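For reference, entry_27.tsv is printed below; it contains TSV, C-alpha atoms.
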chain	number	residue	atom	x	y	z
A	178	MET	CA	12.59	-12.22	-23.16
A	179	ARG	CA	10.58	-11.52	-26.30
A	180	PRO	CA	7.01	-12.54	-27.06
A	181	GLU	CA	6.78	-16.04	-28.49
A	182	GLN	CA	7.51	-16.56	-32.14
A	183	GLY	CA	4.72	-15.84	-34.54
A	184	THR	CA	3.24	-13.00	-32.47
A	185	LEU	CA	2.65	-10.17	-34.91
A	186	ILE	CA	-0.26	-8.30	-33.46
A	187	SER	CA	-0.11	-5.38	-31.02
A	188	ARG	CA	-2.43	-5.10	-28.03
A	189	ALA	CA	-4.15	-2.09	-29.60
A	190	GLN	CA	-4.78	-4.01	-32.83
A	191	ALA	CA	-6.16	-6.95	-30.87
A	192	MET	CA	-8.30	-4.67	-28.73
A	193	ALA	CA	-9.69	-2.86	-31.78
A	194	ALA	CA	-10.71	-6.18	-33.31
A	195	LEU	CA	-12.47	-7.23	-30.10
A	196	LEU	CA	-14.21	-3.89	-29.60
A	197	GLN	CA	-15.64	-4.20	-33.11
A	198	LEU	CA	-17.37	-7.39	-32.00
A	199	LEU	CA	-18.73	-5.86	-28.80
A	200	THR	CA	-21.71	-3.54	-28.51
A	201	ASP	CA	-23.18	-2.75	-25.10
A	202	GLN	CA	-21.46	-5.39	-22.95
A	203	PRO	CA	-19.84	-4.04	-19.78
A	204	VAL	CA	-16.05	-4.10	-20.22
A	205	ILE	CA	-13.73	-3.74	-17.23
A	206	VAL	CA	-10.33	-2.63	-18.51
A	207	CYS	CA	-7.23	-3.11	-16.34
A	208	ASN	CA	-5.01	-0.21	-15.30
A	209	GLY	CA	-2.10	1.17	-17.30
A	210	PHE	CA	-1.85	1.30	-21.09
A	211	PRO	CA	-4.80	-1.07	-21.74
A	212	SER	CA	-7.32	1.42	-20.31
A	213	ARG	CA	-5.73	4.32	-22.19
A	214	GLU	CA	-5.75	2.37	-25.45
A	215	ALA	CA	-9.38	1.30	-25.01
A	216	GLN	CA	-10.35	4.92	-24.38
A	217	LYS	CA	-8.55	5.97	-27.57
A	218	ILE	CA	-9.86	3.17	-29.80
A	219	ALA	CA	-13.53	3.33	-28.79
A	220	ASP	CA	-14.68	5.22	-25.71
A	221	ARG	CA	-18.02	3.80	-24.57
A	222	PRO	CA	-20.01	4.43	-21.40
A	223	THR	CA	-20.06	0.65	-20.85
A	224	HIS	CA	-16.26	0.75	-20.35
A	225	PHE	CA	-14.92	0.88	-16.84
A	226	TYR	CA	-11.36	2.20	-17.00
A	227	MET	CA	-9.15	1.31	-14.07
A	228	ILE	CA	-6.34	3.65	-13.11
A	229	GLY	CA	-5.17	1.80	-10.01
A	230	SER	CA	-5.85	-1.40	-8.05
A	231	MET	CA	-3.67	-3.53	-10.31
A	232	GLY	CA	-4.67	-7.19	-10.37
A	233	ASN	CA	-8.32	-6.53	-9.53
A	234	ALA	CA	-9.92	-6.25	-13.00
A	235	PRO	CA	-11.41	-9.77	-13.05
A	236	ALA	CA	-12.64	-9.39	-9.46
A	237	ILE	CA	-14.50	-6.19	-10.38
A	238	ALA	CA	-15.87	-7.91	-13.51
A	239	LEU	CA	-16.93	-10.89	-11.38
A	240	GLY	CA	-18.87	-8.58	-9.06
A	241	VAL	CA	-20.64	-7.04	-12.05
A	242	ALA	CA	-21.30	-10.48	-13.55
A	243	LEU	CA	-22.83	-11.79	-10.30
A	244	ALA	CA	-24.97	-8.66	-9.89
A	245	LYS	CA	-26.09	-8.74	-13.53
A	246	PRO	CA	-26.47	-12.45	-14.38
A	247	ASN	CA	-28.32	-11.70	-17.61
A	248	ARG	CA	-25.54	-9.57	-19.10
A	249	GLN	CA	-22.35	-10.88	-20.59
A	250	VAL	CA	-19.43	-9.18	-18.81
A	251	VAL	CA	-15.99	-8.84	-20.37
A	252	THR	CA	-12.70	-7.90	-18.77
A	253	PHE	CA	-9.57	-6.77	-20.63
A	254	ASP	CA	-6.61	-7.82	-18.55
A	255	GLY	CA	-2.84	-8.18	-18.85
A	256	ASP	CA	-0.31	-10.86	-17.96
A	257	GLY	CA	1.23	-8.84	-15.11
A	258	ASN	CA	-2.24	-8.15	-13.77
A	259	VAL	CA	-3.29	-11.81	-13.87
A	260	LEU	CA	-0.09	-12.85	-12.11
A	261	MET	CA	-0.74	-10.28	-9.37
A	262	GLY	CA	-4.33	-11.38	-8.74
A	263	MET	CA	-3.97	-15.03	-9.62
A	264	GLY	CA	-6.26	-16.14	-6.80
A	265	THR	CA	-9.17	-14.64	-8.70
A	266	LEU	CA	-8.74	-17.28	-11.41
A	267	ALA	CA	-9.62	-19.79	-8.70
A	268	THR	CA	-12.60	-17.77	-7.47
A	269	VAL	CA	-13.96	-17.48	-11.01
A	270	GLY	CA	-13.25	-21.14	-11.73
A	271	ALA	CA	-15.09	-22.21	-8.57
A	272	LEU	CA	-18.10	-19.92	-8.99
A	273	LYS	CA	-18.38	-20.57	-12.74
A	274	PRO	CA	-20.31	-17.46	-13.81
A	275	LYS	CA	-21.68	-18.24	-17.28
A	276	ASN	CA	-21.61	-14.58	-18.29
A	277	PHE	CA	-17.89	-13.97	-17.72
A	278	ILE	CA	-15.28	-13.52	-20.48
A	279	HIS	CA	-11.69	-12.85	-19.46
A	280	VAL	CA	-9.42	-11.51	-22.21
A	281	VAL	CA	-5.72	-11.46	-21.34
A	282	PHE	CA	-3.35	-9.46	-23.55
A	283	ASP	CA	-0.09	-11.26	-22.87
A	284	ASN	CA	3.01	-9.29	-23.92
A	285	GLU	CA	5.28	-10.89	-21.30
A	286	VAL	CA	6.24	-7.50	-19.88
A	287	TYR	CA	5.10	-4.82	-17.45
A	288	GLY	CA	4.63	-2.39	-20.33
A	289	THR	CA	3.42	0.65	-18.42
A	290	THR	CA	6.49	0.75	-16.19
A	291	GLY	CA	9.14	0.22	-18.88
A	292	ASN	CA	8.88	-3.33	-20.23
A	293	GLN	CA	10.37	-5.22	-17.31
A	294	PRO	CA	9.78	-8.94	-17.96
A	295	THR	CA	6.92	-10.81	-16.29
A	296	ILE	CA	7.06	-14.59	-15.94
A	297	SER	CA	4.22	-15.38	-18.37
A	298	ASN	CA	6.76	-16.63	-20.93
A	299	VAL	CA	7.16	-19.72	-18.74
A	300	VAL	CA	3.78	-19.76	-16.97
A	301	PRO	CA	0.93	-20.41	-19.44
A	302	LEU	CA	-1.85	-18.41	-17.82
A	303	GLU	CA	-4.65	-19.97	-19.87
A	304	LYS	CA	-3.61	-23.39	-18.55
A	305	VAL	CA	-3.77	-22.06	-15.00
A	306	ALA	CA	-7.28	-20.76	-15.74
A	307	LYS	CA	-8.30	-24.14	-17.22
A	308	ALA	CA	-6.97	-25.98	-14.16
A	309	ALA	CA	-8.83	-23.53	-11.92
A	310	GLY	CA	-12.13	-24.37	-13.59
A	311	TYR	CA	-12.68	-21.97	-16.50
A	312	VAL	CA	-14.92	-23.75	-19.00
A	313	ASN	CA	-13.54	-22.41	-22.30
A	314	VAL	CA	-9.92	-21.47	-22.71
A	315	GLU	CA	-8.07	-20.47	-25.88
A	316	ARG	CA	-4.61	-19.11	-26.68
A	317	VAL	CA	-4.34	-17.18	-29.94
A	318	LEU	CA	-1.46	-15.62	-31.81
A	319	ASP	CA	-2.98	-13.82	-34.78
A	320	HIS	CA	-5.85	-11.62	-35.79
A	321	ASP	CA	-7.95	-14.26	-37.58
A	322	ASP	CA	-7.80	-16.76	-34.72
A	323	LEU	CA	-8.55	-13.97	-32.28
A	324	VAL	CA	-11.73	-12.95	-34.09
A	325	TYR	CA	-12.84	-16.55	-34.62
A	326	GLU	CA	-12.35	-17.60	-30.99
A	327	PHE	CA	-13.84	-14.45	-29.50
A	328	LYS	CA	-16.98	-14.74	-31.63
A	329	ASP	CA	-17.24	-18.33	-30.45
A	330	MET	CA	-16.85	-17.35	-26.78
A	331	LEU	CA	-19.57	-14.72	-27.11
A	332	LYS	CA	-21.95	-17.55	-28.08
A	333	LYS	CA	-20.89	-19.95	-25.32
A	334	ASP	CA	-21.53	-20.20	-21.59
A	335	GLY	CA	-18.45	-19.26	-19.59
A	336	PRO	CA	-16.41	-18.60	-17.69
A	337	SER	CA	-14.05	-18.23	-20.64
A	338	MET	CA	-10.50	-17.00	-21.04
A	339	LEU	CA	-9.04	-15.79	-24.30
A	340	LEU	CA	-5.30	-15.32	-24.00
A	341	VAL	CA	-3.95	-13.17	-26.81
A	342	LYS	CA	-0.22	-13.15	-27.36
A	343	VAL	CA	0.71	-9.59	-28.34
A	344	ASN	CA	3.94	-7.72	-28.94
A	345	GLU	CA	5.30	-5.01	-26.66
A	346	PHE	CA	4.11	-2.08	-28.77
A	347	ALA	CA	2.07	0.48	-26.81
A	348	GLU	CA	-0.14	2.97	-28.58
A	349	ASP	CA	0.50	6.68	-27.98
A	350	ALA	CA	-2.62	7.11	-25.86
A	351	GLY	CA	-3.28	9.83	-23.29
A	352	ARG	CA	-4.31	9.43	-19.68
A	353	ILE	CA	-7.92	8.65	-18.78
A	354	VAL	CA	-9.87	11.87	-19.28
A	355	LEU	CA	-12.82	11.37	-16.93
A	356	ASP	CA	-12.46	11.72	-13.17
A	357	PRO	CA	-12.83	8.37	-11.39
A	358	PRO	CA	-16.21	9.19	-9.75
A	359	ASP	CA	-17.55	10.18	-13.19
A	360	ILE	CA	-16.34	6.87	-14.65
A	361	THR	CA	-18.29	5.07	-11.91
A	362	LYS	CA	-21.45	7.11	-12.53
A	363	ARG	CA	-21.28	6.78	-16.31
A	364	PHE	CA	-20.65	3.04	-16.14
A	365	MET	CA	-23.47	2.42	-13.63
A	366	LYS	CA	-25.95	4.34	-15.74
A	367	ALA	CA	-24.86	2.53	-18.92
A	368	ILE	CA	-25.33	-0.96	-17.46
A	369	GLU	CA	-28.46	-0.24	-15.41
B	1244	MET	CA	-24.54	-10.86	22.90
B	1245	ILE	CA	-26.09	-10.26	19.46
B	1246	GLU	CA	-27.32	-13.42	17.73
B	1247	SER	CA	-25.79	-14.08	14.29
B	1248	ASP	CA	-29.19	-14.26	12.62
B	1249	ALA	CA	-30.22	-10.93	14.18
B	1250	PHE	CA	-27.00	-9.37	12.86
B	1251	VAL	CA	-27.58	-10.70	9.34
B	1252	GLN	CA	-31.23	-9.64	9.48
B	1253	ALA	CA	-30.20	-6.12	10.50
B	1254	MET	CA	-27.83	-5.96	7.52
B	1255	GLN	CA	-30.54	-7.19	5.17
B	1256	ASP	CA	-33.01	-4.70	6.63
B	1257	MET	CA	-30.48	-1.98	5.76
B	1258	GLY	CA	-30.67	-3.19	2.15
B	1259	VAL	CA	-27.37	-5.07	2.01
B	1260	ASN	CA	-27.81	-7.80	-0.61
B	1261	PHE	CA	-24.28	-8.83	-1.60
B	1262	PHE	CA	-21.93	-10.40	0.94
B	1263	THR	CA	-18.39	-11.53	0.27
B	1264	GLY	CA	-15.21	-11.80	2.29
B	1265	VAL	CA	-12.58	-14.00	3.89
B	1266	PRO	CA	-13.44	-15.72	7.19
B	1267	ASP	CA	-12.33	-15.05	10.74
B	1268	SER	CA	-13.29	-17.01	13.85
B	1269	ILE	CA	-15.04	-13.96	15.37
B	1270	LEU	CA	-17.16	-13.74	12.19
B	1271	GLY	CA	-17.81	-17.48	12.01
B	1272	GLY	CA	-21.41	-17.29	13.22
B	1273	ILE	CA	-22.29	-14.49	10.80
B	1274	ILE	CA	-20.76	-16.32	7.83
B	1275	ALA	CA	-22.56	-19.56	8.75
B	1276	GLU	CA	-25.84	-17.64	8.86
B	1277	LEU	CA	-25.09	-15.96	5.51
B	1278	MET	CA	-24.32	-19.35	3.97
B	1279	ASP	CA	-27.58	-20.75	5.37
B	1280	ARG	CA	-29.38	-17.90	3.65
B	1281	ARG	CA	-27.35	-18.46	0.45
B	1282	LEU	CA	-26.13	-14.88	0.52
B	1283	TYR	CA	-22.38	-15.38	0.77
B	1284	THR	CA	-19.86	-15.36	-2.10
B	1285	PRO	CA	-16.48	-16.48	-0.74
B	1286	ALA	CA	-13.32	-14.68	-1.86
B	1287	VAL	CA	-9.72	-15.89	-1.61
B	1288	ARG	CA	-8.13	-12.58	-0.60
B	1289	GLU	CA	-9.53	-9.45	0.96
B	1290	ASP	CA	-8.50	-7.16	-1.91
B	1291	GLU	CA	-10.37	-9.46	-4.27
B	1292	ALA	CA	-13.42	-9.32	-2.00
B	1293	VAL	CA	-13.31	-5.52	-1.93
B	1294	ALA	CA	-12.97	-5.35	-5.75
B	1295	MET	CA	-15.82	-7.85	-6.18
B	1296	ALA	CA	-17.96	-5.69	-3.89
B	1297	ALA	CA	-17.11	-2.65	-6.05
B	1298	GLY	CA	-18.29	-4.51	-9.16
B	1299	ALA	CA	-21.45	-5.65	-7.42
B	1300	TYR	CA	-22.14	-2.08	-6.30
B	1301	MET	CA	-21.83	-0.85	-9.87
B	1302	GLY	CA	-24.20	-3.64	-10.88
B	1303	GLY	CA	-26.82	-2.29	-8.48
B	1304	LYS	CA	-26.12	-4.20	-5.27
B	1305	ILE	CA	-25.46	-2.92	-1.75
B	1306	PRO	CA	-22.31	-4.82	-0.78
B	1307	ALA	CA	-20.66	-5.85	2.47
B	1308	VAL	CA	-17.20	-7.38	2.89
B	1309	LEU	CA	-16.32	-9.50	5.92
B	1310	MET	CA	-12.71	-9.81	7.00
B	1311	GLN	CA	-10.27	-10.13	9.86
B	1312	ASN	CA	-8.42	-6.86	10.47
B	1313	SER	CA	-5.25	-8.34	8.95
B	1314	GLY	CA	-7.20	-8.17	5.68
B	1315	LEU	CA	-7.23	-4.39	5.89
B	1316	GLY	CA	-3.50	-4.57	5.21
B	1317	THR	CA	-4.03	-6.89	2.26
B	1318	SER	CA	-6.79	-4.75	0.76
B	1319	LEU	CA	-5.32	-1.31	1.46
B	1320	ASN	CA	-4.39	-0.45	-2.14
B	1321	THR	CA	-7.73	-1.60	-3.54
B	1322	LEU	CA	-9.63	0.33	-0.87
B	1323	ILE	CA	-7.85	3.59	-1.69
B	1324	SER	CA	-7.09	3.30	-5.42
B	1325	LEU	CA	-10.46	1.79	-6.34
B	1326	ASN	CA	-13.25	2.25	-3.77
B	1327	VAL	CA	-12.25	5.62	-2.33
B	1328	ILE	CA	-11.16	7.46	-5.49
B	1329	TYR	CA	-13.98	6.03	-7.64
B	1330	ARG	CA	-16.61	6.57	-4.91
B	1331	GLN	CA	-17.65	2.96	-4.67
B	1332	PRO	CA	-19.01	2.32	-1.19
B	1333	CYS	CA	-19.11	-0.94	0.71
B	1334	ILE	CA	-19.65	-1.95	4.30
B	1335	LEU	CA	-16.54	-3.48	5.83
B	1336	ILE	CA	-17.40	-5.86	8.65
B	1337	VAL	CA	-14.02	-6.20	10.33
B	1338	SER	CA	-13.21	-8.44	13.27
B	1339	TRP	CA	-10.96	-6.68	15.76
B	1340	ARG	CA	-8.28	-9.24	16.50
B	1341	GLY	CA	-5.54	-8.19	18.91
B	1342	GLN	CA	-7.76	-5.73	20.74
B	1343	GLY	CA	-6.29	-4.76	24.11
B	1344	GLY	CA	-3.10	-6.73	23.43
B	1345	LYS	CA	-4.71	-10.07	24.25
B	1346	ASP	CA	-4.37	-12.32	21.21
B	1347	ALA	CA	-1.81	-14.30	19.22
B	1348	PRO	CA	1.38	-12.33	18.39
B	1349	GLU	CA	0.53	-11.86	14.71
B	1350	HIS	CA	-2.56	-9.84	15.64
B	1351	LEU	CA	-1.05	-7.47	18.18
B	1352	VAL	CA	0.36	-4.71	15.94
B	1353	MET	CA	-2.73	-4.36	13.72
B	1354	GLY	CA	-4.94	-4.79	16.79
B	1355	GLU	CA	-3.30	-1.76	18.38
B	1356	VAL	CA	-3.10	0.57	15.38
B	1357	MET	CA	-6.28	-0.36	13.47
B	1358	PRO	CA	-8.39	2.73	14.32
B	1359	GLN	CA	-5.49	5.11	13.50
B	1360	PHE	CA	-4.76	3.07	10.36
B	1361	LEU	CA	-8.29	3.67	9.07
B	1362	ASP	CA	-8.17	7.32	10.20
B	1363	THR	CA	-5.04	7.75	8.07
B	1364	MET	CA	-6.84	6.26	5.05
B	1365	LYS	CA	-9.85	8.50	5.85
B	1366	ILE	CA	-12.15	5.48	6.09
B	1367	PRO	CA	-14.90	6.10	8.66
B	1368	HIS	CA	-15.27	3.44	11.33
B	1369	ARG	CA	-17.23	2.55	14.44
B	1370	THR	CA	-17.22	-0.34	16.89
B	1371	LEU	CA	-20.41	-2.35	17.28
B	1372	THR	CA	-21.75	-2.87	20.81
B	1373	GLU	CA	-24.93	-4.67	21.82
B	1374	LYS	CA	-26.20	-1.61	23.68
B	1375	THR	CA	-25.71	0.81	20.78
B	1376	SER	CA	-26.37	-1.61	17.91
B	1377	ILE	CA	-29.40	0.23	16.51
B	1378	GLU	CA	-27.50	3.53	16.30
B	1379	ASP	CA	-24.40	1.71	15.01
B	1380	PHE	CA	-26.29	0.19	12.06
B	1381	LYS	CA	-28.02	3.51	11.40
B	1382	TRP	CA	-24.65	5.29	11.35
B	1383	VAL	CA	-23.25	2.70	8.91
B	1384	ALA	CA	-26.19	3.13	6.52
B	1385	GLU	CA	-26.06	6.92	6.66
B	1386	THR	CA	-22.30	7.10	6.16
B	1387	PHE	CA	-22.51	4.68	3.23
B	1388	MET	CA	-25.22	6.75	1.52
B	1389	LYS	CA	-23.71	10.14	2.27
B	1390	GLN	CA	-19.99	9.60	1.67
B	1391	ARG	CA	-20.08	6.86	-0.99
B	1392	ILE	CA	-16.85	5.29	0.25
B	1393	PRO	CA	-16.10	2.17	2.32
B	1394	VAL	CA	-17.28	2.36	5.92
B	1395	ALA	CA	-16.00	-0.04	8.58
B	1396	LEU	CA	-17.89	-1.67	11.44
B	1397	PHE	CA	-15.54	-3.31	13.93
B	1398	ILE	CA	-16.70	-6.52	15.61
B	1399	THR	CA	-14.94	-7.33	18.86
B	1400	LYS	CA	-14.82	-10.79	20.40
B	1401	GLY	CA	-18.06	-11.85	22.07
B	1402	VAL	CA	-20.30	-9.09	20.69
B	1403	VAL	CA	-21.87	-11.25	17.97
B	1404	LYS	CA	-22.41	-14.93	18.73
B	1405	GLY	CA	-19.76	-17.09	17.06
B	1406	LEU	CA	-19.88	-20.72	15.99
B	1407	HIS	CA	-19.09	-21.93	19.49
B	1408	PRO	CA	-20.98	-20.64	22.53
If you took the structure in this file and wrote it as structure tokens, what would it be?
Amino acid sequence: MRPEQGTLISRAQAMAALLQLLTDQPVIVCNGFPSREAQKIADRPTHFYMIGSMGNAPAIALGVALAKPNRQVVTFDGDGNVLMGMGTLATVGALKPKNFIHVVFDNEVYGTTGNQPTISNVVPLEKVAKAAGYVNVERVLDHDDLVYEFKDMLKKDGPSMLLVKVNEFAEDAGRIVLDPPDITKRFMKAIE
Amino acid sequence: MIESDAFVQAMQDMGVNFFTGVPDSILGGIIAELMDRRLYTPAVREDEAVAMAAGAYMGGKIPAVLMQNSGLGTSLNTLISLNVIYRQPCILIVSWRGQGGKDAPEHLVMGEVMPQFLDTMKIPHRTLTEKTSIEDFKWVAETFMKQRIPVALFITKGVVKGLHP
């Protein structure tokens, strides 16, 4: 099970491109390598790095989005994560928060635990999100499409999902440095 | 018996301004009142509700999560690997199904072990009674502020008015 043909970009490359387009938006990053890579690429106080509670990134982001309706809230998620908390696609689709952008880095594997295959090669997660009620949904394979579509989503009312097909490469990135209570405090202060 | 609107008012008076959860019959009256007041955001699973409450807390809200005690099993990992370790408090309003061994079979095991289950997870808890309700709410608010972790208030059958008299 390899990522679909034409996928050249790594998650870290995709993430770096997205972080260049973001400034002070709250970003909830799912557990595992994605949080470590985000910390390495651009550590910002507006990042909330998860180290546990797999599958809950969009639910946390939804809570932030509902509490802060005037701020655009982004979550960086993975295919294994989305599959684990798939019900949240329905909750987001039903509530339709306009300020909610869900980025899914889809490498078709559980990368943090040794690249065991997920089932996202046969389950198109962006179509599930669309059926659940997300307003804008895009699936991108390369850097240029990624930048184009993400810029577009930043201008539009959501909820939006950008599914980015990425390869299995994981950046050599260390564990999250801050203690969890300090991540909470820093994040709360940054989005106040 | 505590009226549902008095219960919701007491929660609002404590400053709670974000309510989510998954329904239970014992909590039916409270949820109906919350929906009347347009305060309730429904979740599809209890772990999602708990995570949503964590996000709302970080966005400046005081959150409460309503659930049947079976939902404590569903939300266990989120409660300990998100709320507890990150110090993200919420008020868990948990209906005590299976209390005293008188309920449908699926509720009996959790109904029996629930207090020990929360003790093991180090989540403080207390059972609401009509007589002690003022102290119970005060204890919830103080524990929330002091410990900054989830705190559970158990609701037994007949203590808060349900949908059906």
Using only C-alpha atoms, find each residue of chain A with at least one atom at most 6 Å away from an atom of chain B; report its shortest atom-to-atom pair and that distance in Å (one decimal), sort the rows by chain and rising residue number, and return the result as a Markdown table.
| residue | atom | partner | partner_atom | distance |
| --- | --- | --- | --- | --- |
| A:Gly229 | CA | B:Ser1324 | CA | 5.2 |
| A:Ser230 | CA | B:Thr1321 | CA | 4.9 |
| A:Ala236 | CA | B:Met1295 | CA | 4.8 |
| A:Ile237 | CA | B:Gly1298 | CA | 4.3 |
| A:Gly240 | CA | B:Gly1298 | CA | 4.1 |
| A:Val241 | CA | B:Gly1298 | CA | 4.5 |
| A:Ala244 | CA | B:Gly1302 | CA | 5.2 |
| A:Pro357 | CA | B:Tyr1329 | CA | 4.6 |
| A:Pro358 | CA | B:Tyr1329 | CA | 4.4 |
| A:Met365 | CA | B:Met1301 | CA | 5.2 |
Any chance you could export the current selection's C-alpha atoms as a PDB file, in the frame of the given file?
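again34.pdb, written as the output of this step:
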ATOM      1  CA  GLY A 229      -5.170   1.800 -10.010  1.00  0.00           C
ATOM      2  CA  SER A 230      -5.850  -1.400  -8.050  1.00  0.00           C
ATOM      3  CA  ALA A 236     -12.640  -9.390  -9.460  1.00  0.00           C
ATOM      4  CA  ILE A 237     -14.500  -6.190 -10.380  1.00  0.00           C
ATOM      5  CA  GLY A 240     -18.870  -8.580  -9.060  1.00  0.00           C
ATOM      6  CA  VAL A 241     -20.640  -7.040 -12.050  1.00  0.00           C
ATOM      7  CA  ALA A 244     -24.970  -8.660  -9.890  1.00  0.00           C
ATOM      8  CA  PRO A 357     -12.830   8.370 -11.390  1.00  0.00           C
ATOM      9  CA  PRO A 358     -16.210   9.190  -9.750  1.00  0.00           C
ATOM     10  CA  MET A 365     -23.470   2.420 -13.630  1.00  0.00           C
TER      11      MET A 365
END
**OP:** For Pro274 in chain A, please output as a ChimeraX atom specification all residues within 9 Å (counting all atoms listed in the file; exclusion window: fewer than 5 positions along the same chain).
**Re:** /A:239,242-243,246,269,334-336
Preceding selection exported with C-alpha atoms as a compact mmCIF listing (two decimals), in the coordinates of the input:
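What ended up in out-v6.txt:
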# COMPACT_ATOMS: atom_id res chain seq x y z
CA LEU A 239 -16.93 -10.89 -11.38
CA ALA A 242 -21.30 -10.48 -13.55
CA LEU A 243 -22.83 -11.79 -10.30
CA PRO A 246 -26.47 -12.45 -14.38
CA VAL A 269 -13.96 -17.48 -11.01
CA ASP A 334 -21.53 -20.20 -21.59
CA GLY A 335 -18.45 -19.26 -19.59
CA PRO A 336 -16.41 -18.60 -17.69
**OP:** Determine, counting all atoms listed in the file, which protein, DNA and RNA residues have an atom within 12 Å of an atom of Glu326 in chain A; residues of the same chain fewer than 2 positions away are not included. Present the result as JSON, numbers by chain.
**Re:** {"A": [194, 195, 198, 278, 280, 313, 314, 315, 316, 317, 318, 319, 320, 321, 322, 323, 324, 328, 329, 330, 331, 332, 333, 337, 338, 339, 340, 341]}
**OP:** Go ahead and compute the interatomic distance for CA of Gly232 in chain A and CA of Asn284 in chain A, in Å to one decimal.
**Re:** 15.7 Å
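For the pair CA of Asp1248 in chain B and CA of Ala267 in chain A, the interatomic distance is 29.5 Å.
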**OP:** Please provide the set of residues having any atom within 12 Å of range 1363-1372 of chain B, restricted to all atoms listed in the file, with same-chain residues fewer than 5 positions apart removed, written as a ChimeraX atom specification.
**Re:** /B:1244-1245,1250,1315-1316,1318-1324,1326-1328,1330,1332-1339,1342,1356-1358,1377-1387,1389-1403
Original post:
Counting all atoms listed in the file, which residues come within 12 Å of (-28.6, -9.9, 9.4), with the point read in the file's coordinates, and could you list them as a VMD selection string?
Top reply: chain B and resid 1245 to 1262 1272 to 1280 1282 to 1283 1307 1336 1380 1403
**OP:** Kindly indicate which residue among A:Lys342, A:Ser297, A:Lys362, A:Thr223 lies nearest to Leu199 in chain A, using only C-alpha atoms for the distances.
**Re:** A:Thr223
**OP:** Do a neighbour search on range 1351-1354 of chain B at 8 Å with all atoms listed in the file, toss out local chain neighbours closer than 3 positions, and write the hits as a PyMOL selection string.
**Re:** chain B and resi 1312-1313+1339-1348+1357
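Here CA of Pro222 in chain A and CA of Phe253 in chain A stand 15.3 Å from one another.
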Which residues are near Gly270 in chain A? Cut-off 10 Å, only C-alpha atoms, ignore same chain within fewer than 6 positions. Put them as a short mmCIF file (atom, residue, chain, number, x, y, z; two decimals) with C-alpha atoms, in the frame of the given file.
data_model
loop_
_atom_site.label_atom_id
_atom_site.label_comp_id
_atom_site.auth_asym_id
_atom_site.auth_seq_id
_atom_site.Cartn_x
_atom_site.Cartn_y
_atom_site.Cartn_z
CA GLY A 264 -6.26 -16.14 -6.80
CA ALA A 306 -7.28 -20.76 -15.74
CA LYS A 307 -8.30 -24.14 -17.22
CA ALA A 308 -6.97 -25.98 -14.16
CA ALA A 309 -8.83 -23.53 -11.92
CA GLY A 310 -12.13 -24.37 -13.59
CA TYR A 311 -12.68 -21.97 -16.50
CA VAL A 312 -14.92 -23.75 -19.00
CA GLY A 335 -18.45 -19.26 -19.59
CA PRO A 336 -16.41 -18.60 -17.69
CA SER A 337 -14.05 -18.23 -20.64
#
**OP:** Find, counting only C-alpha atoms, the residue in A:Lys273, A:Lys366, A:Arg188, A:Lys217 that gets nearest to Pro203 in chain A.
**Re:** A:Lys366
